[in-house]
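Undergrad: Sharing upload06.txt here; it has compact mmCIF, C-alpha atoms and all ligand atoms.
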```txt
# COMPACT_ATOMS: atom_id res chain seq x y z
CA MET A 1333 0.00 0.00 0.00
CA ASN A 1334 1.61 3.30 -1.06
CA LYS A 1335 -0.97 5.63 0.41
CA ASP A 1336 -1.48 6.40 4.13
CA PHE A 1337 -4.89 4.75 3.96
CA ILE A 1338 -7.40 3.27 1.54
CA HIS A 1339 -11.18 3.12 1.64
CA LYS A 1340 -12.38 -0.36 0.78
CA THR A 1341 -15.71 -0.84 -0.92
CA LEU A 1342 -16.03 -4.61 -0.52
CA CYS A 1343 -16.37 -6.73 2.63
CA HIS A 1344 -13.01 -8.10 3.84
CA SER A 1345 -14.60 -11.54 4.18
CA CYS A 1346 -17.40 -12.16 1.67
CA GLU A 1347 -16.40 -9.46 -0.85
CA GLN A 1348 -19.93 -8.10 -1.22
CA SER A 1349 -20.86 -4.43 -0.67
CA ASN A 1350 -24.02 -4.72 1.38
CA PHE A 1351 -23.09 -2.55 4.37
CA ALA A 1352 -24.82 -0.56 7.09
CA GLU A 1353 -22.92 2.09 9.07
CA ILE A 1354 -23.32 1.43 12.80
CA LEU A 1355 -21.01 3.99 14.45
CA ASN A 1356 -19.17 7.04 13.17
CA LEU A 1357 -16.45 8.41 15.46
CA GLY A 1358 -15.35 10.98 12.87
CA GLU A 1359 -11.71 11.76 12.13
CA MET A 1360 -9.46 10.38 14.88
CA PRO A 1361 -5.69 10.21 15.44
CA LEU A 1362 -4.10 6.74 15.55
CA ALA A 1363 -4.51 5.27 19.02
CA ASN A 1364 -0.89 4.18 19.43
CA SER A 1365 0.70 7.25 17.82
CA PHE A 1366 2.07 8.70 21.05
CA LEU A 1367 3.91 11.98 20.49
CA GLU A 1368 7.37 13.13 21.46
CA GLU A 1369 7.70 16.59 23.01
CA LYS A 1370 9.29 17.96 19.82
CA ASP A 1371 6.13 17.02 17.83
CA LEU A 1372 3.66 18.84 20.06
CA ASP A 1373 3.36 21.85 17.73
CA GLU A 1374 2.55 19.66 14.72
CA PRO A 1375 -1.13 18.96 13.93
CA ASP A 1376 -2.25 15.38 14.58
CA LYS A 1377 -2.61 13.11 11.57
CA LYS A 1378 -6.24 11.97 11.60
CA PHE A 1379 -8.11 9.24 9.74
CA PRO A 1380 -11.83 8.40 9.48
CA LEU A 1381 -13.06 5.91 12.08
CA VAL A 1382 -16.40 4.45 10.98
CA VAL A 1383 -17.75 1.00 11.84
CA TYR A 1384 -19.84 -1.03 9.37
CA PHE A 1385 -21.92 -4.20 9.58
CA CYS A 1386 -21.88 -6.50 6.55
CA LYS A 1387 -25.48 -7.54 5.95
CA ASP A 1388 -24.34 -10.59 3.96
CA CYS A 1389 -21.82 -12.32 6.25
CA GLY A 1390 -22.29 -10.50 9.58
CA LEU A 1391 -18.70 -9.20 9.87
CA VAL A 1392 -18.41 -5.89 11.75
CA GLN A 1393 -15.48 -4.03 10.25
CA LEU A 1394 -13.73 -0.80 9.32
CA LEU A 1395 -13.46 0.02 5.62
CA ASP A 1396 -10.88 2.78 6.06
CA VAL A 1397 -7.67 0.79 6.27
CA VAL A 1398 -4.55 2.60 7.46
CA ASN A 1399 -1.27 1.46 5.90
CA PRO A 1400 0.09 -1.27 8.24
CA GLU A 1401 3.62 0.13 7.83
CA ILE A 1402 2.40 3.29 9.62
CA LEU A 1403 0.61 1.32 12.34
CA PHE A 1404 2.96 -1.51 13.14
CA SER A 1405 6.54 -0.94 11.92
CA ASN A 1406 7.39 0.68 15.23
CA TYR A 1407 5.17 -0.16 18.18
CA ASP A 1408 5.00 1.16 21.74
CA TYR A 1409 2.92 -1.69 23.12
CA LEU A 1410 4.69 -4.42 25.10
CA THR A 1411 2.85 -7.46 26.46
CA SER A 1412 5.38 -7.75 29.27
CA ALA A 1413 4.28 -4.36 30.68
CA SER A 1414 0.94 -5.74 31.93
CA LYS A 1415 1.31 -8.35 34.68
CA PRO A 1416 -2.17 -9.85 34.16
CA LEU A 1417 -1.30 -10.41 30.48
CA VAL A 1418 2.03 -12.05 31.34
CA GLU A 1419 0.23 -14.46 33.68
CA HIS A 1420 -2.47 -15.14 31.11
CA PHE A 1421 -0.15 -15.87 28.18
CA THR A 1422 2.34 -17.86 30.25
CA LYS A 1423 -0.54 -20.11 31.28
CA MET A 1424 -1.83 -20.28 27.71
CA GLY A 1425 1.61 -21.39 26.48
CA GLY A 1426 1.73 -24.12 29.11
CA ASP A 1427 -1.83 -25.30 28.35
CA LEU A 1428 -1.36 -25.43 24.58
CA SER A 1429 2.05 -27.08 24.65
CA GLY A 1430 0.71 -29.64 27.18
CA LYS A 1431 -2.18 -30.45 24.87
CA PHE A 1432 -0.65 -30.36 21.39
CA ILE A 1433 3.15 -30.64 21.64
CA LYS A 1434 4.46 -34.20 21.67
CA SER A 1435 8.19 -33.86 20.96
CA LYS A 1436 11.03 -31.34 21.33
CA ASN A 1437 11.25 -31.21 17.57
CA ASP A 1438 7.65 -29.96 17.19
CA LEU A 1439 7.30 -26.41 15.91
CA PHE A 1440 5.24 -23.76 17.77
CA ILE A 1441 4.79 -20.47 15.90
CA GLU A 1442 3.32 -17.22 17.17
CA ILE A 1443 2.12 -14.57 14.72
CA GLY A 1444 2.52 -11.11 16.26
CA GLY A 1445 4.19 -12.60 19.33
CA ASN A 1446 5.22 -9.13 20.55
CA ASP A 1447 8.01 -9.35 23.17
CA ALA A 1448 7.70 -13.16 23.29
CA VAL A 1449 6.05 -13.60 26.68
CA LEU A 1450 4.23 -16.76 25.57
CA LEU A 1451 7.06 -18.31 23.52
CA ASN A 1452 9.61 -17.59 26.21
CA ALA A 1453 7.51 -19.64 28.64
CA ILE A 1454 7.67 -22.76 26.42
CA LYS A 1455 10.96 -22.40 24.58
CA ASN A 1456 12.47 -25.40 26.40
CA LYS A 1457 9.65 -27.72 25.34
CA CYS A 1458 9.86 -27.43 21.53
CA ARG A 1459 11.12 -25.30 18.64
CA VAL A 1460 9.58 -21.82 18.76
CA LEU A 1461 9.35 -19.04 16.20
CA ASN A 1462 7.99 -15.50 16.55
CA ILE A 1463 6.75 -13.54 13.51
CA GLU A 1464 6.69 -9.94 14.72
CA PRO A 1465 6.38 -7.00 12.28
CA ALA A 1466 7.47 -4.21 14.66
CA LYS A 1467 11.24 -3.80 14.34
CA ASN A 1468 11.80 -2.48 17.87
CA VAL A 1469 9.64 -5.22 19.43
CA ALA A 1470 11.19 -8.02 17.30
CA GLU A 1471 14.57 -6.93 18.65
CA ILE A 1472 13.37 -7.36 22.26
CA SER A 1473 12.04 -10.82 21.35
CA ARG A 1474 15.45 -11.78 19.88
CA GLN A 1475 17.22 -10.53 22.99
CA LYS A 1476 15.24 -13.14 24.92
CA GLY A 1477 16.78 -15.83 22.71
CA ILE A 1478 13.65 -16.37 20.60
CA GLU A 1479 14.11 -16.87 16.86
CA THR A 1480 12.13 -13.99 15.37
CA ILE A 1481 11.18 -13.08 11.81
CA ASN A 1482 10.64 -9.32 11.50
CA GLU A 1483 8.00 -9.34 8.74
CA PHE A 1484 4.27 -9.01 8.20
CA PHE A 1485 2.65 -12.44 8.06
CA ASN A 1486 0.96 -13.54 4.83
CA LYS A 1487 0.63 -16.62 2.66
CA GLU A 1488 3.90 -16.03 0.84
CA LEU A 1489 5.83 -15.88 4.12
CA ALA A 1490 4.03 -19.03 5.34
CA GLU A 1491 5.27 -20.93 2.28
CA LYS A 1492 8.86 -19.80 2.91
CA ILE A 1493 8.60 -20.82 6.58
CA VAL A 1494 7.32 -24.31 5.75
CA LYS A 1495 10.18 -24.81 3.28
CA LYS A 1496 12.75 -23.84 5.90
CA TYR A 1497 11.29 -25.20 9.15
CA GLY A 1498 8.55 -27.68 8.14
CA ASN A 1499 4.90 -27.58 9.26
CA ALA A 1500 3.89 -26.23 12.66
CA LYS A 1501 2.08 -28.32 15.27
CA VAL A 1502 0.66 -25.16 16.82
CA VAL A 1503 0.23 -21.66 15.43
CA VAL A 1504 -0.95 -18.98 17.85
CA ALA A 1505 -2.05 -15.40 17.18
CA ASN A 1506 -3.34 -13.41 20.12
CA ASN A 1507 -5.03 -10.09 19.61
CA VAL A 1508 -3.78 -9.82 16.05
CA MET A 1509 -6.56 -11.37 13.95
CA ALA A 1510 -8.50 -8.11 14.23
CA HIS A 1511 -5.43 -6.16 13.07
CA ILE A 1512 -4.49 -7.62 9.68
CA ALA A 1513 -6.36 -6.20 6.69
CA ASP A 1514 -5.40 -8.95 4.29
CA ILE A 1515 -7.16 -11.47 6.48
CA LYS A 1516 -7.65 -13.90 3.61
CA SER A 1517 -3.95 -14.13 2.92
CA VAL A 1518 -3.48 -14.72 6.65
CA PHE A 1519 -5.93 -17.64 6.79
CA GLY A 1520 -4.48 -18.99 3.53
CA GLY A 1521 -1.01 -18.81 5.17
CA ILE A 1522 -2.20 -20.49 8.34
CA ARG A 1523 -3.61 -23.35 6.34
CA VAL A 1524 -0.18 -23.78 4.76
CA LEU A 1525 1.61 -23.62 8.15
CA ILE A 1526 -0.53 -26.16 10.00
CA GLY A 1527 -0.54 -28.71 7.16
CA LYS A 1528 -2.72 -31.76 7.73
CA ASP A 1529 -2.76 -32.08 11.49
CA GLY A 1530 -1.56 -28.88 13.16
CA VAL A 1531 -3.87 -26.49 15.00
CA PHE A 1532 -4.33 -22.74 14.90
CA VAL A 1533 -5.39 -21.14 18.19
CA PHE A 1534 -6.12 -17.45 18.59
CA GLU A 1535 -7.64 -15.02 21.03
CA VAL A 1536 -9.59 -12.09 19.76
CA HIS A 1537 -11.95 -9.44 21.09
CA ARG A 1538 -15.67 -10.21 20.63
CA VAL A 1539 -18.20 -7.90 19.04
CA SER A 1540 -20.62 -8.78 21.86
CA ASP A 1541 -18.36 -6.64 24.09
CA LEU A 1542 -19.43 -3.61 22.06
CA ILE A 1543 -23.09 -4.56 21.99
CA GLU A 1544 -23.63 -5.94 25.48
CA GLU A 1545 -21.14 -3.80 27.42
CA GLY A 1546 -20.95 -0.68 25.23
CA ASN A 1547 -17.13 -0.83 25.29
CA PHE A 1548 -16.73 1.35 22.22
CA ASP A 1549 -13.18 2.36 23.20
CA GLN A 1550 -11.96 -0.94 21.72
CA ILE A 1551 -12.63 0.71 18.36
CA TYR A 1552 -9.55 2.22 16.77
CA HIS A 1553 -7.85 2.01 13.38
CA GLU A 1554 -5.71 -1.00 14.33
CA HIS A 1555 -8.84 -3.03 15.05
CA LEU A 1556 -10.31 -3.61 11.62
CA PHE A 1557 -12.61 -6.47 12.68
CA TYR A 1558 -15.06 -6.93 15.60
CA TYR A 1559 -15.83 -10.61 15.36
CA SER A 1560 -18.74 -12.80 16.29
CA LEU A 1561 -18.06 -16.53 16.09
CA PHE A 1562 -20.77 -16.54 13.44
CA ALA A 1563 -18.86 -14.14 11.16
CA LEU A 1564 -15.57 -15.92 11.88
CA ASN A 1565 -17.07 -19.24 10.92
CA ASN A 1566 -18.21 -17.78 7.60
CA LEU A 1567 -14.67 -16.54 6.98
CA ILE A 1568 -12.72 -19.60 8.12
CA ARG A 1569 -14.83 -22.08 6.17
CA GLN A 1570 -13.73 -20.41 2.94
CA PHE A 1571 -10.32 -22.03 3.59
CA GLY A 1572 -11.52 -25.58 4.16
CA LEU A 1573 -10.81 -25.14 7.89
CA ASP A 1574 -13.20 -25.57 10.84
CA ILE A 1575 -13.58 -24.01 14.24
CA PHE A 1576 -13.44 -27.12 16.42
CA ASP A 1577 -13.51 -25.50 19.86
CA VAL A 1578 -14.10 -22.12 21.49
CA GLU A 1579 -13.86 -20.66 25.00
CA PRO A 1580 -14.92 -17.26 26.32
CA ILE A 1581 -11.96 -15.28 27.74
CA HIS A 1582 -12.21 -12.29 30.06
CA MET A 1583 -9.35 -10.18 28.82
CA HIS A 1584 -9.75 -6.79 27.09
CA GLY A 1585 -13.45 -6.99 28.01
CA GLN A 1586 -15.09 -9.99 26.32
CA SER A 1587 -12.71 -12.04 24.17
CA MET A 1588 -12.72 -15.61 22.90
CA ARG A 1589 -10.12 -18.33 22.34
CA VAL A 1590 -10.81 -20.05 19.04
CA PHE A 1591 -9.36 -23.42 17.96
CA VAL A 1592 -9.10 -24.07 14.21
CA GLY A 1593 -8.04 -27.21 12.36
CA LYS A 1594 -8.82 -29.57 9.53
CA ASP A 1595 -11.22 -32.50 9.95
CA LYS A 1596 -11.13 -32.36 13.78
CA PRO A 1597 -14.16 -33.48 15.82
CA ILE A 1598 -16.21 -30.36 16.61
CA SER A 1599 -16.82 -29.72 20.31
CA LYS A 1600 -20.37 -28.97 21.41
CA SER A 1601 -19.18 -25.66 22.85
CA VAL A 1602 -18.99 -24.37 19.25
CA THR A 1603 -22.70 -25.06 18.60
CA GLU A 1604 -23.67 -23.67 22.01
CA PHE A 1605 -21.62 -20.51 21.45
CA LEU A 1606 -23.22 -19.97 18.03
CA GLU A 1607 -26.70 -20.49 19.52
CA LYS A 1608 -26.03 -17.93 22.26
CA GLU A 1609 -24.89 -15.42 19.66
CA LYS A 1610 -28.10 -16.02 17.72
CA ASP A 1611 -30.12 -15.33 20.89
CA ILE A 1612 -28.34 -11.97 21.28
CA GLY A 1613 -28.93 -11.33 17.55
CA LEU A 1614 -25.29 -10.88 16.52
CA ASP A 1615 -26.17 -12.04 13.01
CA LYS A 1616 -28.75 -9.26 12.53
CA LEU A 1617 -28.35 -5.59 11.73
CA ASP A 1618 -31.16 -4.54 14.15
CA THR A 1619 -28.99 -5.53 17.13
CA PHE A 1620 -26.36 -2.96 16.17
CA LEU A 1621 -28.65 -0.04 15.43
CA ASN A 1622 -28.79 1.50 18.93
CA PHE A 1623 -25.05 1.11 19.58
CA SER A 1624 -24.23 4.77 18.92
CA GLU A 1625 -26.91 5.88 21.44
CA LYS A 1626 -25.19 3.79 24.11
CA VAL A 1627 -21.89 5.51 23.32
CA GLU A 1628 -23.45 8.98 23.57
CA LYS A 1629 -25.00 8.05 26.93
CA ARG A 1630 -21.61 6.93 28.28
CA LYS A 1631 -20.08 10.20 27.02
CA ILE A 1632 -22.59 12.34 28.90
CA GLU A 1633 -22.22 10.34 32.12
CA LEU A 1634 -18.43 10.45 32.19
CA THR A 1635 -17.90 14.02 30.99
CA ASN A 1636 -20.55 15.37 33.44
CA LEU A 1637 -18.79 13.60 36.29
CA LEU A 1638 -15.37 14.97 35.30
CA ASP A 1639 -16.72 18.51 34.72
CA ASN A 1640 -18.30 18.51 38.19
CA LEU A 1641 -15.07 17.34 39.80
CA LYS A 1642 -13.09 20.01 37.96
CA LYS A 1643 -15.53 22.68 39.19
CA GLN A 1644 -14.70 21.49 42.71
CA ASN A 1645 -10.98 21.92 41.88
CA LYS A 1646 -10.25 18.22 42.21
CA ARG A 1647 -7.00 16.97 40.73
CA ILE A 1648 -7.63 14.18 38.24
CA VAL A 1649 -5.09 11.99 36.43
CA GLY A 1650 -5.38 8.89 34.22
CA TYR A 1651 -4.16 5.35 34.95
CA GLY A 1652 -2.58 3.53 32.01
CA ALA A 1653 -2.04 4.84 28.49
CA PRO A 1654 -3.67 2.01 26.52
CA ALA A 1655 -4.68 2.45 22.90
CA LYS A 1656 -8.32 2.17 23.94
CA GLY A 1657 -7.77 5.13 26.29
CA ASN A 1658 -6.99 7.30 23.29
CA THR A 1659 -10.31 6.46 21.62
CA LEU A 1660 -12.15 7.35 24.82
CA LEU A 1661 -10.17 10.54 25.50
CA ASN A 1662 -10.41 11.83 21.93
CA TYR A 1663 -14.06 11.02 21.33
CA PHE A 1664 -15.13 12.36 24.73
CA GLN A 1665 -12.74 15.35 24.39
CA ILE A 1666 -11.03 14.70 27.71
CA ASP A 1667 -7.69 16.47 27.30
CA ASN A 1668 -4.79 17.93 29.28
CA LYS A 1669 -7.09 20.57 30.80
CA ILE A 1670 -8.96 17.80 32.60
CA LEU A 1671 -6.27 15.16 33.24
CA ASP A 1672 -2.93 16.46 34.54
CA PHE A 1673 -1.05 13.36 33.36
CA LEU A 1674 -1.29 9.61 32.77
CA THR A 1675 0.97 6.94 34.20
CA ASP A 1676 1.96 3.77 32.39
CA THR A 1677 4.21 0.81 33.18
CA THR A 1678 5.49 0.58 29.57
CA PRO A 1679 8.95 2.21 29.48
CA LEU A 1680 8.48 3.06 25.76
CA LYS A 1681 5.42 5.23 26.54
CA GLN A 1682 6.91 7.18 29.46
CA GLY A 1683 7.95 10.71 28.45
CA LEU A 1684 5.56 10.75 25.48
CA TYR A 1685 2.19 12.51 25.05
CA THR A 1686 -1.22 11.13 24.06
CA PRO A 1687 -2.26 11.72 20.43
CA GLY A 1688 -4.94 14.38 20.02
CA THR A 1689 -5.36 15.17 23.73
CA ARG A 1690 -1.65 15.81 24.45
CA ILE A 1691 -1.56 14.52 28.00
CA PRO A 1692 1.95 13.73 29.30
CA ILE A 1693 2.71 10.12 30.30
CA PHE A 1694 4.87 9.36 33.33
CA HIS A 1695 6.25 6.41 35.26
CA PRO A 1696 3.72 5.07 37.83
CA ASP A 1697 5.83 6.54 40.70
CA LYS A 1698 4.45 9.96 39.79
CA LEU A 1699 1.08 8.88 41.16
CA LYS A 1700 2.50 8.22 44.62
CA GLU A 1701 4.34 11.55 44.55
CA MET A 1702 1.33 13.61 43.58
CA LYS A 1703 -1.58 11.78 45.22
CA PRO A 1704 -4.39 13.15 43.05
CA ASP A 1705 -8.02 13.20 44.25
CA TYR A 1706 -9.29 11.04 41.38
CA VAL A 1707 -7.77 8.57 38.94
CA LEU A 1708 -9.54 7.76 35.67
CA LEU A 1709 -8.82 4.09 35.00
CA LEU A 1710 -8.18 3.99 31.26
CA ALA A 1711 -6.83 0.40 31.49
CA TRP A 1712 -10.26 -0.63 32.89
CA ASN A 1713 -9.84 -4.17 31.53
CA TYR A 1714 -7.39 -4.83 34.38
CA ALA A 1715 -9.61 -3.14 37.01
CA ASP A 1716 -9.51 -6.00 39.54
CA ALA A 1717 -5.73 -6.40 39.42
CA ILE A 1718 -5.09 -2.64 39.48
CA LEU A 1719 -7.49 -1.88 42.34
CA GLU A 1720 -5.76 -4.60 44.34
CA LYS A 1721 -2.28 -3.31 43.40
CA GLU A 1722 -3.17 0.26 44.38
CA LYS A 1723 -4.75 -0.64 47.75
CA GLU A 1724 -2.42 1.68 49.63
CA LEU A 1725 -3.25 4.68 47.45
CA ARG A 1726 -6.97 4.01 47.81
CA GLU A 1727 -6.64 3.72 51.60
CA GLN A 1728 -5.09 7.19 51.49
CA GLY A 1729 -8.32 8.51 49.94
CA VAL A 1730 -7.52 8.44 46.20
CA LYS A 1731 -10.70 7.52 44.30
CA PHE A 1732 -10.78 5.52 41.06
CA ILE A 1733 -13.23 6.35 38.27
CA ILE A 1734 -13.91 3.23 36.20
CA PRO A 1735 -15.39 4.19 32.81
CA ALA A 1736 -16.52 0.73 31.65
CA PRO A 1737 -18.73 -1.28 31.39
CA PHE A 1738 -20.59 1.52 33.23
CA VAL A 1739 -19.26 4.66 34.88
CA ARG A 1740 -18.56 4.18 38.59
CA VAL A 1741 -16.38 5.63 41.34
CA VAL A 1742 -14.68 3.35 43.89
P1 LIG B 1 -4.01 -2.93 27.19
O1 LIG B 1 -5.33 -2.78 27.82
O2 LIG B 1 -3.35 -4.25 27.34
O3 LIG B 1 -4.10 -2.65 25.68
P2 LIG B 1 -4.60 -1.70 24.53
O4 LIG B 1 -3.42 -0.78 24.26
O5 LIG B 1 -4.79 -2.74 23.51
O6 LIG B 1 -5.86 -0.95 24.85
O7 LIG B 1 -3.02 -1.80 27.72
C1 LIG B 1 -2.88 -1.54 29.05
C2 LIG B 1 -1.91 -0.40 29.22
O8 LIG B 1 -1.92 -0.08 30.61
C3 LIG B 1 -0.48 -0.76 28.86
O9 LIG B 1 0.13 0.38 28.24
C4 LIG B 1 0.19 -1.03 30.20
C5 LIG B 1 -0.61 -0.19 31.15
N1 LIG B 1 -0.74 -0.74 32.53
C6 LIG B 1 -0.31 0.05 33.60
O10 LIG B 1 0.17 1.19 33.41
N2 LIG B 1 -0.42 -0.45 34.88
C7 LIG B 1 -0.92 -1.70 35.12
O11 LIG B 1 -0.99 -2.13 36.30
C8 LIG B 1 -1.39 -2.50 34.00
C9 LIG B 1 -1.99 -3.85 34.23
C10 LIG B 1 -1.27 -1.96 32.72
```
Please lay out the structure from this file as structure tokens.
TA:
Amino acid sequence: MNKDFIHKTLCHSCEQSNFAEILNLGEMPLANSFLEEKDLDEPDKKFPLVVYFCKDCGLVQLLDVVNPEILFSNYDYLTSASKPLVEHFTKMGGDLSGKFIKSKNDLFIEIGGNDAVLLNAIKNKCRVLNIEPAKNVAEISRQKGIETINEFFNKELAEKIVKKYGNAKVVVANNVMAHIADIKSVFGGIRVLIGKDGVFVFEVHRVSDLIEEGNFDQIYHEHLFYYSLFALNNLIRQFGLDIFDVEPIHMHGQSMRVFVGKDKPISKSVTEFLEKEKDIGLDKLDTFLNFSEKVEKRKIELTNLLDNLKKQNKRIVGYGAPAKGNTLLNYFQIDNKILDFLTDTTPLKQGLYTPGTRIPIFHPDKLKEMKPDYVLLLAWNYADAILEKEKELREQGVKFIIPAPFVRVV
């Protein structure tokens, strides 16, 4: 792609053009494009952020696709910065290798393995390979002793990998299947990698999280797809592959772990999951039509609360600088006049500023130094772990505002 972004006219999955717009967030900066101090006088680069429902195959998607080189060649997000994620993926590595890896010579591949938290946990059990497109992150993965290919994954790369390393027993891709525009080349490549009897296992955010919980802040340009199992099934079957198992996962709001293979016995959890989705109506446009009203309601609740606190001269800061925080801050227009700063555990983000809202990001120690009156929990998906971690601060009277799945103060 030579341009900064393209507007697609056909569905990424079924290639029809039977769309309905379900949410329009207008022009927004890229959620992970944190700014250096020297860039603060430059205007933000913005791109349209509009969500569509495909009336033919049920896939909820963006049609404005930002060039992946801009989004992912350099990346500030590190899995290792979030302790709950490290625990989750370490366990996932152990579970999957226990179930599917039979010999030290078996190959376990992760697509978008970031700083290799999962692969590092199993590297002594089998051969491991990380395919990570961000140059800076791939380097961190290599420093951990993990063989890492610094390229975007597609079918062509899959063919090269099979020639060099053979077929994989397990291919994993966590929180990346919503990110890759050429999703058909990805599934084509996965089919090549797993050969006759390998498995592909991935975790991905669920569209029901938007509909049932109103968590619209998961929407940003990197997330091109908001999947139901129904829409995924329609996509995966085009490649002669089946979803043979599925589990709900409570990470990033509602997610799911999906197991894909060829000619495997299908677990009854797949049929049950699909039936539940039908009950909620995830295959029908009607279900998505009041989504934007829910978002507006959340906006009024949260901005009224913050405005009232500001009128009382309360000092408010933000906790975490996740990508989703930038959707929320920009769409709700919560900027550096409302939040004095954010803190984040990711070293790469400290010293930078949020795109659009230009709030400085500091090391978490700053919170202890300053003791604000209120903390807006932007990394709300880790609310339980963070509230527990910050017990001392809360005992000293610092209140946490949790913006999702409904606005509350604790
Ligand atoms: P996350 O919700 O994983 O992702 P996304 O960017 O996809 O929305 O990001 C959480 C961010 O919050 C990440 O930058 C690390 C940070 N964080 C903290 O600062 N403190 C914490 O205790 C945790 C768990 C995360």
Undergrad: Taking a cut-off of 7 Å and counting only C-alpha atoms and all ligand atoms, can you build a table that, for each residue of chain A near ligand LIG 1 (chain B), reports the nearest atom pair and how far apart they are in Å (one decimal), sorted by chain then residue number, as JSON lines?
TA:
```
{"residue": "A:Tyr1409", "atom": "CA", "partner": "B:LIG1", "partner_atom": "O9", "distance": 6.2}
{"residue": "A:Ala1413", "atom": "CA", "partner": "B:LIG1", "partner_atom": "C4", "distance": 5.3}
{"residue": "A:Ser1414", "atom": "CA", "partner": "B:LIG1", "partner_atom": "C9", "distance": 4.2}
{"residue": "A:Lys1415", "atom": "CA", "partner": "B:LIG1", "partner_atom": "C9", "distance": 5.6}
{"residue": "A:Pro1416", "atom": "CA", "partner": "B:LIG1", "partner_atom": "C9", "distance": 6.0}
{"residue": "A:Gln1550", "atom": "CA", "partner": "B:LIG1", "partner_atom": "O6", "distance": 6.9}
{"residue": "A:His1584", "atom": "CA", "partner": "B:LIG1", "partner_atom": "O1", "distance": 6.0}
{"residue": "A:Tyr1651", "atom": "CA", "partner": "B:LIG1", "partner_atom": "O10", "distance": 6.2}
{"residue": "A:Gly1652", "atom": "CA", "partner": "B:LIG1", "partner_atom": "O10", "distance": 3.9}
{"residue": "A:Ala1653", "atom": "CA", "partner": "B:LIG1", "partner_atom": "O9", "distance": 5.0}
{"residue": "A:Pro1654", "atom": "CA", "partner": "B:LIG1", "partner_atom": "O4", "distance": 3.6}
{"residue": "A:Ala1655", "atom": "CA", "partner": "B:LIG1", "partner_atom": "O4", "distance": 3.7}
{"residue": "A:Lys1656", "atom": "CA", "partner": "B:LIG1", "partner_atom": "O6", "distance": 4.1}
{"residue": "A:Gly1657", "atom": "CA", "partner": "B:LIG1", "partner_atom": "O6", "distance": 6.5}
{"residue": "A:Thr1675", "atom": "CA", "partner": "B:LIG1", "partner_atom": "O10", "distance": 5.9}
{"residue": "A:Asp1676", "atom": "CA", "partner": "B:LIG1", "partner_atom": "O10", "distance": 3.3}
{"residue": "A:Thr1677", "atom": "CA", "partner": "B:LIG1", "partner_atom": "O10", "distance": 4.1}
{"residue": "A:Thr1678", "atom": "CA", "partner": "B:LIG1", "partner_atom": "O9", "distance": 5.5}
{"residue": "A:Pro1696", "atom": "CA", "partner": "B:LIG1", "partner_atom": "O10", "distance": 6.9}
{"residue": "A:Ala1711", "atom": "CA", "partner": "B:LIG1", "partner_atom": "O8", "distance": 5.0}
{"residue": "A:Asn1713", "atom": "CA", "partner": "B:LIG1", "partner_atom": "O1", "distance": 6.0}
{"residue": "A:Tyr1714", "atom": "CA", "partner": "B:LIG1", "partner_atom": "C9", "distance": 5.5}
{"residue": "A:Ala1717", "atom": "CA", "partner": "B:LIG1", "partner_atom": "C9", "distance": 6.9}
{"residue": "A:Ile1718", "atom": "CA", "partner": "B:LIG1", "partner_atom": "O11", "distance": 5.2}
```
Undergrad: Residues of region 1380-1439 of chain A within 8 Å of region 1445-1452 of chain A: nearest atom pair and distance (Å, one decimal) for each, counting only C-alpha atoms, sorted by chain and number, as JSON lines?
TA:
```
{"residue": "A:Leu1410", "atom": "CA", "partner": "A:Asp1447", "partner_atom": "CA", "distance": 6.2}
{"residue": "A:Thr1411", "atom": "CA", "partner": "A:Asp1447", "partner_atom": "CA", "distance": 6.4}
{"residue": "A:Ser1412", "atom": "CA", "partner": "A:Val1449", "partner_atom": "CA", "distance": 6.4}
{"residue": "A:Val1418", "atom": "CA", "partner": "A:Val1449", "partner_atom": "CA", "distance": 6.3}
{"residue": "A:Phe1421", "atom": "CA", "partner": "A:Leu1450", "partner_atom": "CA", "distance": 5.2}
{"residue": "A:Thr1422", "atom": "CA", "partner": "A:Leu1450", "partner_atom": "CA", "distance": 5.2}
{"residue": "A:Met1424", "atom": "CA", "partner": "A:Leu1450", "partner_atom": "CA", "distance": 7.3}
{"residue": "A:Gly1425", "atom": "CA", "partner": "A:Leu1450", "partner_atom": "CA", "distance": 5.4}
```
Undergrad: With C-alpha atoms retained, write the just-selected residues as a PDB file, keeping the file's coordinate frame.
TA:
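Contents of out15.pdb, as written:
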```
ATOM      1  CA  LEU A1410       4.690  -4.420  25.100  1.00  0.00           C
ATOM      2  CA  THR A1411       2.850  -7.460  26.460  1.00  0.00           C
ATOM      3  CA  SER A1412       5.380  -7.750  29.270  1.00  0.00           C
ATOM      4  CA  VAL A1418       2.030 -12.050  31.340  1.00  0.00           C
ATOM      5  CA  PHE A1421      -0.150 -15.870  28.180  1.00  0.00           C
ATOM      6  CA  THR A1422       2.340 -17.860  30.250  1.00  0.00           C
ATOM      7  CA  MET A1424      -1.830 -20.280  27.710  1.00  0.00           C
ATOM      8  CA  GLY A1425       1.610 -21.390  26.480  1.00  0.00           C
TER       9      GLY A1425
END
```
Undergrad: With 12 Å as the cut-off and all atoms listed in the file counted, what is the closest atom pair between each nearby residue of region 1494-1514 of chain A and region 1380-1402 of chain A? Distances in Å to one decimal, ordered by chain and number, as a Markdown table.
TA:
```
| residue | atom | partner | partner_atom | distance |
| --- | --- | --- | --- | --- |
| A:Ala1510 | CA | A:Gln1393 | CA | 9.0 |
| A:His1511 | CA | A:Pro1400 | CA | 8.8 |
| A:Ile1512 | CA | A:Pro1400 | CA | 8.0 |
| A:Ala1513 | CA | A:Val1397 | CA | 7.1 |
| A:Asp1514 | CA | A:Val1397 | CA | 10.2 |
```
